[in-house]
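What follows is model_22.cif (mmCIF, C-alpha atoms).
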```
data_input
loop_
_atom_site.label_atom_id
_atom_site.label_comp_id
_atom_site.auth_asym_id
_atom_site.auth_seq_id
_atom_site.Cartn_x
_atom_site.Cartn_y
_atom_site.Cartn_z
CA MET A 1 -1.42 -58.45 -19.16
CA ARG A 2 -2.16 -58.14 -15.47
CA GLN A 3 1.05 -56.13 -14.97
CA LYS A 4 0.19 -53.79 -17.85
CA LEU A 5 -3.34 -53.38 -16.55
CA ALA A 6 -2.02 -52.58 -13.08
CA ILE A 7 0.38 -49.96 -14.48
CA ALA A 8 -2.40 -48.39 -16.55
CA THR A 9 -4.70 -48.32 -13.52
CA VAL A 10 -2.08 -46.62 -11.36
CA ALA A 11 -1.39 -44.07 -14.10
CA ALA A 12 -5.07 -43.31 -14.50
CA LEU A 13 -5.54 -43.02 -10.74
CA SER A 14 -2.56 -40.64 -10.51
CA ALA A 15 -4.05 -38.49 -13.26
CA VAL A 16 -7.36 -38.31 -11.41
CA ILE A 17 -5.64 -37.38 -8.17
CA ALA A 18 -3.58 -34.70 -9.91
CA THR A 19 -6.68 -33.32 -11.63
CA GLY A 20 -8.52 -33.27 -8.32
CA ALA A 21 -5.65 -31.46 -6.61
CA ALA A 22 -5.58 -28.85 -9.37
CA ALA A 23 -9.35 -28.41 -9.11
CA GLN A 24 -9.00 -27.68 -5.40
CA THR A 25 -6.81 -24.63 -6.07
CA ARG A 26 -9.38 -21.89 -6.42
CA GLY A 27 -8.93 -19.44 -9.26
CA VAL A 28 -6.31 -21.58 -11.02
CA SER A 29 -6.77 -23.60 -14.19
CA LYS A 30 -4.26 -25.05 -16.62
CA THR A 31 -4.23 -21.78 -18.58
CA GLU A 32 -5.42 -19.06 -16.21
CA ILE A 33 -5.02 -17.43 -12.78
CA ILE A 34 -7.85 -15.21 -11.52
CA LEU A 35 -6.94 -12.25 -9.30
CA GLY A 36 -9.42 -9.93 -7.62
CA MET A 37 -9.04 -6.25 -6.75
CA PRO A 38 -11.66 -4.66 -4.49
CA THR A 39 -11.00 -0.93 -4.72
CA ASP A 40 -12.59 2.50 -4.97
CA ILE A 41 -13.69 3.45 -8.48
CA SER A 42 -16.50 5.86 -7.60
CA GLY A 43 -15.98 7.13 -4.04
CA VAL A 44 -13.85 9.63 -2.14
CA ALA A 45 -10.61 7.71 -2.78
CA ALA A 46 -11.31 7.03 -6.45
CA THR A 47 -8.17 8.88 -7.56
CA TYR A 48 -6.18 6.14 -5.81
CA GLY A 49 -8.48 3.30 -6.82
CA VAL A 50 -8.67 4.18 -10.50
CA SER A 51 -4.96 4.88 -10.88
CA SER A 52 -3.85 1.79 -8.95
CA SER A 53 -6.25 -0.50 -10.83
CA ASN A 54 -5.04 0.98 -14.13
CA ALA A 55 -1.46 0.18 -13.15
CA VAL A 56 -2.31 -3.36 -12.04
CA ARG A 57 -4.03 -3.91 -15.41
CA MET A 58 -1.00 -2.44 -17.15
CA ARG A 59 1.40 -4.87 -15.47
CA VAL A 60 -0.96 -7.81 -16.02
CA GLU A 61 -1.21 -7.01 -19.73
CA GLU A 62 2.59 -6.77 -19.96
CA LEU A 63 2.90 -10.21 -18.37
CA ASN A 64 0.18 -11.73 -20.55
CA ASP A 65 1.66 -10.24 -23.71
CA ALA A 66 4.94 -11.93 -22.79
CA GLY A 67 3.23 -15.30 -22.57
CA GLY A 68 1.97 -15.24 -19.00
CA ILE A 69 3.61 -16.89 -16.00
CA ASN A 70 4.61 -20.53 -16.19
CA GLY A 71 2.19 -21.03 -19.07
CA ARG A 72 -0.79 -19.31 -17.45
CA LYS A 73 -2.36 -15.93 -18.30
CA ILE A 74 -3.67 -13.67 -15.54
CA LYS A 75 -7.30 -12.57 -15.44
CA LEU A 76 -7.93 -9.48 -13.28
CA ILE A 77 -11.38 -8.67 -11.90
CA VAL A 78 -11.74 -5.17 -10.43
CA GLU A 79 -14.71 -4.61 -8.14
CA ASP A 80 -15.83 -1.17 -6.98
CA GLN A 81 -16.32 -0.77 -3.21
CA ALA A 82 -16.65 3.05 -3.30
CA TYR A 83 -14.47 3.32 -0.17
CA GLN A 84 -17.37 2.16 1.99
CA VAL A 85 -17.13 -0.80 4.37
CA PRO A 86 -20.55 -2.35 3.56
CA LYS A 87 -19.85 -2.16 -0.17
CA ALA A 88 -16.35 -3.52 0.42
CA VAL A 89 -17.80 -6.59 2.15
CA GLN A 90 -20.18 -7.10 -0.79
CA ALA A 91 -17.36 -6.71 -3.30
CA CYS A 92 -15.12 -9.14 -1.44
CA ASN A 93 -17.89 -11.72 -1.14
CA LYS A 94 -18.55 -11.51 -4.88
CA LEU A 95 -14.87 -11.97 -5.72
CA ILE A 96 -14.55 -14.90 -3.31
CA ASN A 97 -17.81 -16.76 -3.89
CA ARG A 98 -18.88 -15.89 -7.43
CA ASP A 99 -15.60 -15.14 -9.22
CA ASN A 100 -13.62 -17.75 -7.26
CA VAL A 101 -10.45 -15.64 -7.28
CA PHE A 102 -7.07 -17.06 -6.32
CA ALA A 103 -5.96 -13.94 -4.41
CA PHE A 104 -6.69 -10.26 -3.79
CA VAL A 105 -4.10 -7.77 -5.02
CA ALA A 106 -3.83 -4.07 -4.08
CA ALA A 107 -7.12 -3.92 -2.19
CA LEU A 108 -7.74 -0.33 -1.07
CA GLY A 109 -8.42 1.05 2.40
CA THR A 110 -7.65 0.12 6.00
CA PRO A 111 -11.21 -0.47 7.30
CA MET A 112 -12.22 -2.12 4.02
CA ASN A 113 -9.39 -4.64 4.15
CA ASN A 114 -10.00 -5.30 7.84
CA ALA A 115 -13.69 -5.94 7.18
CA CYS A 116 -12.94 -8.56 4.51
CA PHE A 117 -10.19 -10.50 6.26
CA LYS A 118 -12.38 -13.00 8.15
CA ASP A 119 -14.30 -14.31 5.14
CA GLN A 120 -11.30 -13.94 2.87
CA PHE A 121 -8.97 -16.05 4.97
CA ALA A 122 -11.69 -18.62 5.73
CA ALA A 123 -11.79 -19.18 1.96
CA ASN A 124 -7.95 -19.35 1.74
CA VAL A 125 -7.67 -16.22 -0.41
CA PRO A 126 -4.33 -14.40 0.11
CA ASN A 127 -4.28 -10.62 0.64
CA LEU A 128 -1.39 -9.21 -1.38
CA PHE A 129 0.07 -5.71 -1.05
CA PRO A 130 -3.02 -3.73 -0.02
CA LEU A 131 -3.12 0.05 -0.43
CA SER A 132 -3.02 0.64 3.31
CA ALA A 133 -0.02 0.97 5.59
CA ALA A 134 -1.85 -0.06 8.75
CA ARG A 135 -0.11 -2.72 10.81
CA SER A 136 -3.17 -4.96 10.51
CA MET A 137 -2.09 -5.58 6.91
CA TYR A 138 0.63 -7.87 8.27
CA GLU A 139 -0.10 -8.26 12.00
CA PRO A 140 -0.98 -10.50 13.70
CA PHE A 141 0.93 -13.05 11.65
CA GLU A 142 -1.26 -14.70 9.04
CA ARG A 143 0.32 -16.80 6.31
CA LEU A 144 -2.08 -15.33 3.74
CA LYS A 145 -1.05 -11.70 4.41
CA PHE A 146 1.80 -10.03 2.50
CA TYR A 147 2.62 -6.33 2.79
CA GLY A 148 5.67 -4.78 1.16
CA ALA A 149 6.49 -1.44 2.82
CA ALA A 150 6.85 0.61 5.99
CA SER A 151 3.71 0.96 8.10
CA TYR A 152 2.27 4.31 9.15
CA VAL A 153 3.73 3.67 12.60
CA ASP A 154 7.19 2.96 11.10
CA GLN A 155 7.01 6.14 9.01
CA ILE A 156 6.03 8.43 11.87
CA ARG A 157 8.62 6.90 14.21
CA SER A 158 11.26 7.67 11.58
CA ALA A 159 9.98 11.24 11.27
CA VAL A 160 10.08 11.83 15.03
CA GLN A 161 13.57 10.38 15.28
CA TYR A 162 14.84 12.61 12.47
CA PHE A 163 13.28 15.89 13.59
CA VAL A 164 14.25 15.46 17.25
CA LYS A 165 17.80 14.30 16.59
CA GLU A 166 18.63 16.33 13.48
CA LYS A 167 16.46 19.45 13.90
CA GLY A 168 16.33 19.72 17.68
CA LYS A 169 12.54 19.62 17.98
CA LYS A 170 11.31 19.53 21.56
CA ALA A 171 7.51 19.96 21.50
CA VAL A 172 6.04 17.14 19.43
CA CYS A 173 2.30 17.31 18.73
CA VAL A 174 -0.17 15.30 16.66
CA MET A 175 -3.10 16.38 14.50
CA TYR A 176 -5.04 13.40 13.21
CA GLN A 177 -8.24 12.05 11.76
CA ASP A 178 -10.32 10.32 14.41
CA THR A 179 -10.19 7.07 12.40
CA ASP A 180 -8.22 3.82 12.47
CA PHE A 181 -5.74 5.45 10.09
CA GLY A 182 -5.29 8.60 12.19
CA LYS A 183 -4.79 6.61 15.37
CA GLU A 184 -1.91 4.74 13.75
CA ILE A 185 -0.11 8.11 13.42
CA LEU A 186 -0.80 8.92 17.07
CA ILE A 187 0.51 5.52 18.17
CA GLY A 188 3.70 5.95 16.16
CA ALA A 189 4.29 9.36 17.74
CA GLU A 190 3.69 8.05 21.24
CA ILE A 191 6.01 5.06 20.77
CA GLN A 192 8.94 7.10 19.46
CA THR A 193 8.65 10.08 21.81
CA LYS A 194 8.60 7.66 24.74
CA GLN A 195 11.71 5.93 23.40
CA LEU A 196 13.42 9.33 23.25
CA GLY A 197 12.42 10.19 26.82
CA MET A 198 9.79 12.68 25.67
CA LYS A 199 6.02 12.76 25.41
CA VAL A 200 3.47 14.09 22.96
CA VAL A 201 2.73 17.64 24.15
CA GLU A 202 -0.71 18.09 22.58
CA THR A 203 -3.13 16.40 20.19
CA ALA A 204 -6.04 17.54 18.05
CA ALA A 205 -8.46 15.10 16.44
CA HIS A 206 -10.90 15.85 13.63
CA LYS A 207 -13.43 14.13 11.40
CA PRO A 208 -12.35 13.37 7.82
CA THR A 209 -15.23 15.57 6.63
CA ASP A 210 -14.27 18.67 8.69
CA GLN A 211 -13.81 21.87 6.67
CA ASP A 212 -12.57 24.45 9.19
CA PHE A 213 -9.32 23.80 11.09
CA THR A 214 -8.90 27.15 12.83
CA ALA A 215 -9.75 25.74 16.28
CA PRO A 216 -7.33 22.77 16.25
CA ILE A 217 -4.51 24.88 14.81
CA THR A 218 -5.10 27.54 17.48
CA LYS A 219 -5.05 24.81 20.15
CA LEU A 220 -1.75 23.39 18.92
CA LYS A 221 -0.18 26.84 18.59
CA ALA A 222 -1.14 27.68 22.18
CA ALA A 223 0.60 24.47 23.32
CA GLY A 224 3.89 25.69 21.85
CA CYS A 225 4.28 22.84 19.36
CA ASP A 226 7.39 23.01 17.17
CA LEU A 227 6.63 19.77 15.27
CA ILE A 228 3.17 18.60 14.21
CA LEU A 229 2.75 15.04 12.98
CA MET A 230 -0.17 14.83 10.58
CA GLY A 231 -2.57 11.88 10.60
CA THR A 232 -4.18 13.38 7.52
CA ILE A 233 -4.51 12.65 3.82
CA VAL A 234 -5.09 15.31 1.13
CA ARG A 235 -7.59 18.09 1.86
CA ASP A 236 -7.14 17.84 5.64
CA SER A 237 -3.39 18.29 5.10
CA ILE A 238 -3.66 21.28 2.77
CA VAL A 239 -6.23 23.34 4.70
CA PRO A 240 -4.63 23.15 8.20
CA TYR A 241 -1.16 23.89 6.86
CA ASN A 242 -2.40 26.95 4.99
CA THR A 243 -4.41 28.01 8.05
CA ALA A 244 -1.30 27.94 10.23
CA ARG A 245 0.79 29.91 7.76
CA LYS A 246 -1.96 32.53 7.30
CA MET A 247 -2.03 32.94 11.08
CA GLY A 248 1.67 33.79 10.88
CA TRP A 249 2.72 30.58 12.60
CA THR A 250 5.96 29.81 10.77
CA ASP A 251 8.28 28.42 13.47
CA VAL A 252 6.70 24.96 13.35
CA ASP A 253 7.21 22.05 10.95
CA PHE A 254 4.40 19.84 9.71
CA VAL A 255 5.12 16.26 8.57
CA GLY A 256 2.73 13.54 7.44
CA SER A 257 2.94 9.88 6.57
CA ALA A 258 3.02 8.48 3.04
CA ALA A 259 -0.71 9.30 2.93
CA VAL A 260 0.21 12.97 2.34
CA TYR A 261 2.96 12.13 -0.17
CA ASP A 262 0.66 12.85 -3.07
CA LEU A 263 0.94 14.90 -6.25
CA VAL A 264 -2.14 16.94 -5.30
CA VAL A 265 -0.68 17.91 -1.93
CA GLY A 266 2.66 18.85 -3.45
CA ALA A 267 1.09 20.97 -6.18
CA ALA A 268 -1.48 22.73 -3.97
CA GLN A 269 -1.07 26.43 -3.36
CA GLY A 270 0.71 27.39 -0.16
CA MET A 271 2.29 23.98 0.59
CA GLU A 272 5.92 25.08 0.31
CA GLY A 273 7.94 23.57 3.16
CA PHE A 274 5.40 20.86 4.03
CA TYR A 275 7.02 17.48 4.84
CA GLY A 276 5.90 13.93 4.15
CA MET A 277 7.31 10.44 4.41
CA GLY A 278 7.77 8.74 1.03
CA LEU A 279 8.14 5.10 0.04
CA THR A 280 9.17 5.43 -3.63
CA GLU A 281 10.01 8.04 -6.25
CA MET A 282 7.13 10.34 -7.16
CA PRO A 283 6.03 9.62 -10.77
CA TYR A 284 7.11 12.86 -12.41
CA ALA A 285 7.45 12.87 -16.20
CA ASP A 286 10.90 14.43 -15.93
CA SER A 287 12.13 12.12 -13.15
CA SER A 288 15.88 11.59 -12.98
CA VAL A 289 15.18 7.85 -12.65
CA GLU A 290 14.90 6.50 -16.19
CA SER A 291 12.62 3.59 -15.27
CA VAL A 292 10.20 6.01 -13.60
CA LYS A 293 10.26 8.31 -16.63
CA LYS A 294 9.46 5.35 -18.91
CA PHE A 295 6.63 4.18 -16.66
CA VAL A 296 5.03 7.63 -16.69
CA ALA A 297 5.25 7.82 -20.49
CA ASP A 298 3.85 4.30 -20.96
CA TYR A 299 1.03 4.89 -18.48
CA LYS A 300 0.02 8.19 -20.05
CA LYS A 301 0.08 6.67 -23.53
CA LYS A 302 -2.16 3.83 -22.40
CA PHE A 303 -4.65 5.73 -20.22
CA ASN A 304 -4.31 9.31 -21.54
CA ILE A 305 -3.71 10.68 -18.04
CA ASP A 306 -0.69 11.18 -15.80
CA PRO A 307 -0.16 8.53 -13.11
CA ASN A 308 -0.22 9.42 -9.43
CA ILE A 309 1.45 7.66 -6.51
CA GLY A 310 -1.45 5.18 -6.38
CA ALA A 311 -0.41 3.96 -9.82
CA VAL A 312 3.08 3.31 -8.48
CA TYR A 313 1.73 1.25 -5.59
CA GLY A 314 -0.56 -0.71 -7.91
CA TYR A 315 2.19 -1.53 -10.39
CA VAL A 316 4.56 -2.73 -7.65
CA ALA A 317 1.78 -4.83 -6.07
CA ALA A 318 1.11 -6.58 -9.38
CA ASP A 319 4.80 -7.11 -10.07
CA LEU A 320 5.51 -8.59 -6.64
CA THR A 321 2.52 -10.88 -7.03
CA ALA A 322 3.90 -12.04 -10.36
CA VAL A 323 7.27 -12.82 -8.77
CA GLY A 324 5.56 -14.99 -6.16
CA ILE A 325 3.56 -16.84 -8.82
CA LYS A 326 6.67 -17.41 -10.91
CA ASN A 327 8.58 -18.72 -7.88
CA ALA A 328 5.74 -21.18 -7.21
CA GLY A 329 6.50 -23.02 -10.46
CA ALA A 330 4.14 -24.76 -12.87
CA ASP A 331 2.34 -26.65 -10.10
CA LEU A 332 0.55 -23.61 -8.70
CA THR A 333 -1.28 -24.34 -5.47
CA LEU A 334 -1.90 -22.18 -2.42
CA ASP A 335 1.00 -23.83 -0.59
CA SER A 336 3.43 -23.51 -3.50
CA PHE A 337 2.44 -19.86 -3.89
CA ILE A 338 3.04 -19.11 -0.21
CA LYS A 339 6.48 -20.69 -0.52
CA GLY A 340 7.06 -18.68 -3.69
CA MET A 341 6.26 -15.46 -1.85
CA GLU A 342 8.47 -16.45 1.07
CA ALA A 343 11.31 -17.01 -1.42
CA ILE A 344 11.36 -13.30 -2.41
CA LYS A 345 14.66 -11.82 -1.21
CA GLY A 346 16.05 -8.36 -1.98
CA TYR A 347 13.36 -7.46 -4.53
CA LYS A 348 13.84 -4.01 -6.09
CA ASP A 349 11.04 -2.21 -7.91
CA ILE A 350 11.46 0.22 -10.82
CA PHE A 351 10.61 3.22 -8.62
CA ASN A 352 13.69 3.18 -6.39
CA GLY A 353 11.71 1.80 -3.46
CA PRO A 354 13.20 -0.16 -0.55
CA GLU A 355 14.35 -3.75 -0.97
CA VAL A 356 11.61 -6.25 -0.13
CA THR A 357 12.29 -9.56 1.58
CA PHE A 358 9.90 -12.19 2.97
CA SER A 359 10.36 -15.46 4.82
CA ASP A 360 8.26 -18.04 6.61
CA LYS A 361 8.26 -15.66 9.60
CA ILE A 362 8.21 -12.25 7.86
CA ARG A 363 5.09 -10.75 6.27
CA GLN A 364 6.21 -7.10 6.19
CA GLY A 365 8.72 -6.95 3.36
CA ALA A 366 10.31 -3.57 4.19
CA SER A 367 10.18 -1.00 6.98
CA SER A 368 12.10 2.04 5.71
CA SER A 369 10.77 5.33 4.37
CA PHE A 370 12.40 8.64 3.50
CA LEU A 371 11.65 12.25 4.33
CA ALA A 372 10.51 14.51 1.48
CA VAL A 373 9.55 18.19 1.35
CA VAL A 374 7.49 20.33 -1.01
CA LYS A 375 9.65 22.73 -3.01
CA GLY A 376 8.30 24.71 -5.92
CA GLY A 377 5.15 22.61 -6.08
CA ARG A 378 7.05 19.30 -6.22
CA TRP A 379 8.13 16.69 -3.74
CA THR A 380 11.90 16.56 -3.18
CA ARG A 381 13.77 13.95 -1.15
CA VAL A 382 15.47 15.25 1.98
CA THR A 383 17.00 12.06 3.36
CA GLN A 384 18.11 8.59 2.42
CA PRO A 385 15.83 5.78 3.68
CA LEU A 386 15.15 5.93 7.39
CA GLY A 387 13.91 3.00 9.43
CA PHE A 388 14.29 0.51 12.21
#
```
Turn this file's structure into C-alpha cells for me.
Amino acid sequence: MRQKLAIATVAALSAVIATGAAAQTRGVSKTEIILGMPTDISGVAATYGVSSSNAVRMRVEELNDAGGINGRKIKLIVEDQAYQVPKAVQACNKLINRDNVFAFVAALGTPMNNACFKDQFAANVPNLFPLSAARSMYEPFERLKFYGAASYVDQIRSAVQYFVKEKGKKAVCVMYQDTDFGKEILIGAEIQTKQLGMKVVETAAHKPTDQDFTAPITKLKAAGCDLILMGTIVRDSIVPYNTARKMGWTDVDFVGSAAVYDLVVGAAQGMEGFYGMGLTEMPYADSSVESVKKFVADYKKKFNIDPNIGAVYGYVAADLTAVGIKNAGADLTLDSFIKGMEAIKGYKDIFNGPEVTFSDKIRQGASSSFLAVVKGGRWTRVTQPLGF
C-alpha cells in the first residue's frame, strides 16, 4: 500500500509540475496559441498593414482548417498602431499584458518595432519576421529576434556593387528620407562605395512629408551623379524620378531598396526604367510562378481585392512562424520554440524568395536580393539573387 501510495503521489506531483510549466508559457494552452500583430490599419502605411494582416489571417486559417499545429489552433490578434510610435507602444503593451500573446508576427515599421523591443523582450515575447528591413530587426543578437531577408543595407550594397561593376557607374549619390529608414540606405551606400575605393559624391535628405523635390534633384544633377540610391518609399520615389525626367536628366539611373518594390510604384505614370531591389516575386495575377498565381487568386477570392507585396511578406511571416512552432513539438515552450526556429534550414517560400536558414548564432535568415526594373508598368527581374 505504501509503495502504491508513493507511486500515486509522485505521479500526481509530476502532473502538477507539468501543468505549472505549461501555465508559465504565455499565450499557450493545450488547444491554442495566441499570436499578436501590431500593424497599421488606419495610418499612412495602411496599404501594407491591411494587406499583410489579411495574408497572416489567411495562412492562419489554412493551418487551423487543417487541424492546427501539433494539436493546437492559432488565435491571431491584430492591433492597429496607425504607423505612430506612441500608438505602437500602446498596442504592444495591450498585446503583451492584456492579451498575453506568445509572440509577435509581422509587426510593421522600423521605429515602431524598435520602440516595443524593451518591454516585449522583458516579457519574453519573440519578434518574428517584422515588416522592416532595418538591421535592428536582428542586431544586436537577441535570441527572441528572427528576421528572414536581406536588410536595407544588404540590398543597397548589392545595388552599388552591380551598377559599379556591371554598368560602370562612377558618381554614386544618395537621396533619402531623414529618418532611421533613410539613414540605413545612406549607410549601405557608404559601406559599399568605400569597399570599392570610391565615395558617395553627393547626398540630399528630405522629410517624408515633402511634396516638391525640384531643389534636391537640381542639387544632385549639379554634382554630376550617374547613380542615385533612393532611401524612399512610394510617393517620394515617384515624384523625384518624374521631376528628373521632366528636367531632361536621362543619363542617370535611380535605384531603391525593397521599400520601392511596390505595385503602386511600378504602375505609376512615368516610372519606366526605375530600378528597385526585390526579395520575392511580385504578386501579379498572371505570374509565371504557379504558386504565386494561385496565391493571388485565393487572396482575391477571400478578400475581394488584389494582394500587394505586403501580403506576400505577411504570408511568408506566418508560414515561417508555423514551421518553428511545428519544429518545437507538442511540448511548446519558449525554449522549445526557439530551438524549433533555429532548426529551420533551407526554407523556401511559395514566392520564389531566397532560402532561409537559422541557427543558434544566426538571426538573419537570408541576405540576398535581386535587381528589378519597371517595364510597361510592371516590375521585371534584371538579375539573379545578389548578396554577400
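For Ala46 of chain A, the residues within 12 Å (counting only C-alpha atoms, excluding itself and residues fewer than 2 positions away along the chain) are Pro38, Thr39, Asp40, Ile41, Ser42, Gly43, Val44, Tyr48, Gly49, Val50, Ser51, Ser52, Ser53, Asn54, Asp80, Gln81, Ala82, Tyr83, Gln84, Leu108, Gly109, Asn308, Gly310 and Ala311 of chain A.
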**Within 12 Å of Pro86 of chain A using only C-alpha atoms, minus same-chain residues under 6 positions, as number ranges by chain** = A: 80, 92-93, 111-116
May I have the selected residues written with C-alpha atoms, as a PDB file, keeping the file's coordinate frame?
```pdb
ATOM      1  CA  ASP A  80     -15.830  -1.170  -6.980  1.00  0.00           C
ATOM      2  CA  CYS A  92     -15.120  -9.140  -1.440  1.00  0.00           C
ATOM      3  CA  ASN A  93     -17.890 -11.720  -1.140  1.00  0.00           C
ATOM      4  CA  PRO A 111     -11.210  -0.470   7.300  1.00  0.00           C
ATOM      5  CA  MET A 112     -12.220  -2.120   4.020  1.00  0.00           C
ATOM      6  CA  ASN A 113      -9.390  -4.640   4.150  1.00  0.00           C
ATOM      7  CA  ASN A 114     -10.000  -5.300   7.840  1.00  0.00           C
ATOM      8  CA  ALA A 115     -13.690  -5.940   7.180  1.00  0.00           C
ATOM      9  CA  CYS A 116     -12.940  -8.560   4.510  1.00  0.00           C
TER      10      CYS A 116
END
```
**Message:** Using only C-alpha atoms, can you tell me which of A:Val323, A:Met37, A:Ile233, A:Met175 comes closest to Val200 of chain A?
**Reply:**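 Selected residue with least distance to Val200 of chain A: A:Met175.
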**Prompt:** Care to translate the PyMOL selection byres ((chain A and resi 325) around 12) into actual residues of this file, as JSON, numbers by chain?
**Reply:** {"A": [28, 32, 33, 34, 35, 63, 68, 69, 70, 71, 72, 73, 74, 102, 103, 128, 318, 319, 320, 321, 322, 323, 324, 326, 327, 328, 329, 330, 331, 332, 333, 334, 335, 336, 337, 338, 339, 340, 341, 342, 343, 344]}
**Prompt:** At most 9 Å from (-9.4, 28.2, 12.9), file frame, all atoms listed in the file: which residues, as a list in words?
**Reply:**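 Returned residue set, sorted by chain then number, is Asp212, Phe213, Thr214, Ala215, Pro216, Ile217, Thr218, Pro240, Thr243, Ala244 and Met247 of chain A.
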**Complete:** re atom CA of Val312 of chain A and atom CA of Ser136 of chain A: distance 21.6 Å
**Asked** Could you state the separation of atom CA of Val201 of chain A and atom CA of Tyr241 of chain A in Å, given to one decimal place?
**Response**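 We find that atom CA of Val201 of chain A and atom CA of Tyr241 of chain A lie 18.8 Å from each other.
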Residues near Gly168 of chain A, anyone? I mean within 12 Å using only C-alpha atoms, not counting same-chain ones fewer than 4 positions away, as a short mmCIF file (atom, residue, chain, number, x, y, z; two decimals) with C-alpha atoms, keeping the file's coordinate frame.
```
data_model
loop_
_atom_site.label_atom_id
_atom_site.label_comp_id
_atom_site.auth_asym_id
_atom_site.auth_seq_id
_atom_site.Cartn_x
_atom_site.Cartn_y
_atom_site.Cartn_z
CA VAL A 160 10.08 11.83 15.03
CA GLN A 161 13.57 10.38 15.28
CA TYR A 162 14.84 12.61 12.47
CA PHE A 163 13.28 15.89 13.59
CA VAL A 164 14.25 15.46 17.25
CA VAL A 172 6.04 17.14 19.43
CA ASP A 226 7.39 23.01 17.17
CA LEU A 227 6.63 19.77 15.27
CA VAL A 252 6.70 24.96 13.35
CA ASP A 253 7.21 22.05 10.95
#
```
**Message:** Assuming the chain letters and numbering stay as they are in my file, what does the PyMOL selection byres ((chain A and resi 193) around 12) actually select? List them as a PyMOL selection string.
**Reply:** chain A and resi 156-165+169-174+186-192+194-201+227+229
Residues of the last selection are to be written out with C-alpha atoms, as an mmCIF file, in the frame of the given file.
```cif
data_model
loop_
_atom_site.group_PDB
_atom_site.id
_atom_site.type_symbol
_atom_site.label_atom_id
_atom_site.label_comp_id
_atom_site.auth_asym_id
_atom_site.auth_seq_id
_atom_site.Cartn_x
_atom_site.Cartn_y
_atom_site.Cartn_z
ATOM 1 C CA ILE A 156 6.030 8.430 11.870
ATOM 2 C CA ARG A 157 8.620 6.900 14.210
ATOM 3 C CA SER A 158 11.260 7.670 11.580
ATOM 4 C CA ALA A 159 9.980 11.240 11.270
ATOM 5 C CA VAL A 160 10.080 11.830 15.030
ATOM 6 C CA GLN A 161 13.570 10.380 15.280
ATOM 7 C CA TYR A 162 14.840 12.610 12.470
ATOM 8 C CA PHE A 163 13.280 15.890 13.590
ATOM 9 C CA VAL A 164 14.250 15.460 17.250
ATOM 10 C CA LYS A 165 17.800 14.300 16.590
ATOM 11 C CA LYS A 169 12.540 19.620 17.980
ATOM 12 C CA LYS A 170 11.310 19.530 21.560
ATOM 13 C CA ALA A 171 7.510 19.960 21.500
ATOM 14 C CA VAL A 172 6.040 17.140 19.430
ATOM 15 C CA CYS A 173 2.300 17.310 18.730
ATOM 16 C CA VAL A 174 -0.170 15.300 16.660
ATOM 17 C CA LEU A 186 -0.800 8.920 17.070
ATOM 18 C CA ILE A 187 0.510 5.520 18.170
ATOM 19 C CA GLY A 188 3.700 5.950 16.160
ATOM 20 C CA ALA A 189 4.290 9.360 17.740
ATOM 21 C CA GLU A 190 3.690 8.050 21.240
ATOM 22 C CA ILE A 191 6.010 5.060 20.770
ATOM 23 C CA GLN A 192 8.940 7.100 19.460
ATOM 24 C CA LYS A 194 8.600 7.660 24.740
ATOM 25 C CA GLN A 195 11.710 5.930 23.400
ATOM 26 C CA LEU A 196 13.420 9.330 23.250
ATOM 27 C CA GLY A 197 12.420 10.190 26.820
ATOM 28 C CA MET A 198 9.790 12.680 25.670
ATOM 29 C CA LYS A 199 6.020 12.760 25.410
ATOM 30 C CA VAL A 200 3.470 14.090 22.960
ATOM 31 C CA VAL A 201 2.730 17.640 24.150
ATOM 32 C CA LEU A 227 6.630 19.770 15.270
ATOM 33 C CA LEU A 229 2.750 15.040 12.980
#
```
For Arg363 of chain A, find every residue with an atom within 10 Å (counting all atoms listed in the file), except residues of its own chain fewer than 5 positions away, and show them as a PDB file with C-alpha atoms, keeping the file's coordinate frame.
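Okay, result.pdb is ready:
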```pdb
ATOM      1  CA  MET A 137      -2.090  -5.580   6.910  1.00  0.00           C
ATOM      2  CA  TYR A 138       0.630  -7.870   8.270  1.00  0.00           C
ATOM      3  CA  GLU A 139      -0.100  -8.260  12.000  1.00  0.00           C
ATOM      4  CA  PRO A 140      -0.980 -10.500  13.700  1.00  0.00           C
ATOM      5  CA  PHE A 141       0.930 -13.050  11.650  1.00  0.00           C
ATOM      6  CA  GLU A 142      -1.260 -14.700   9.040  1.00  0.00           C
ATOM      7  CA  ARG A 143       0.320 -16.800   6.310  1.00  0.00           C
ATOM      8  CA  LEU A 144      -2.080 -15.330   3.740  1.00  0.00           C
ATOM      9  CA  LYS A 145      -1.050 -11.700   4.410  1.00  0.00           C
ATOM     10  CA  PHE A 146       1.800 -10.030   2.500  1.00  0.00           C
ATOM     11  CA  TYR A 147       2.620  -6.330   2.790  1.00  0.00           C
ATOM     12  CA  GLY A 148       5.670  -4.780   1.160  1.00  0.00           C
ATOM     13  CA  MET A 341       6.260 -15.460  -1.850  1.00  0.00           C
ATOM     14  CA  GLU A 342       8.470 -16.450   1.070  1.00  0.00           C
ATOM     15  CA  THR A 357      12.290  -9.560   1.580  1.00  0.00           C
ATOM     16  CA  PHE A 358       9.900 -12.190   2.970  1.00  0.00           C
TER      17      PHE A 358
END
```
**Request:** Report the residues retrieved by the PyMOL selection byres ((chain A and resi 257-260) around 9) from the displayed file, expressed as a PyMOL selection string.
**Result:** chain A and resi 132-133+152-153+155-156+159+185+229-234+237+255-256+261-266+275-279+369
**Å distance separating atom CA of Phe117 of chain A from atom CA of Ile96 of chain A, one decimal place** =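 One can read the atom CA of Phe117 of chain A to atom CA of Ile96 of chain A distance as 11.4 Å.
For Ala317 of chain A, the non-local neighbours within 8 Å, defined as residues at least 3 positions apart in the same chain or in other chains and counting only C-alpha atoms, are Val56, Val105, Ala106, Leu128, Phe129, Pro130, Tyr313, Gly314, Leu320 and Thr321 of chain A.
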**Prompt:** Smallest atom-to-atom distance to Thr280 of chain A: which of A:Lys293, A:Lys246, A:Asn352, A:Lys221, using only C-alpha atoms?
**Reply:** A:Asn352
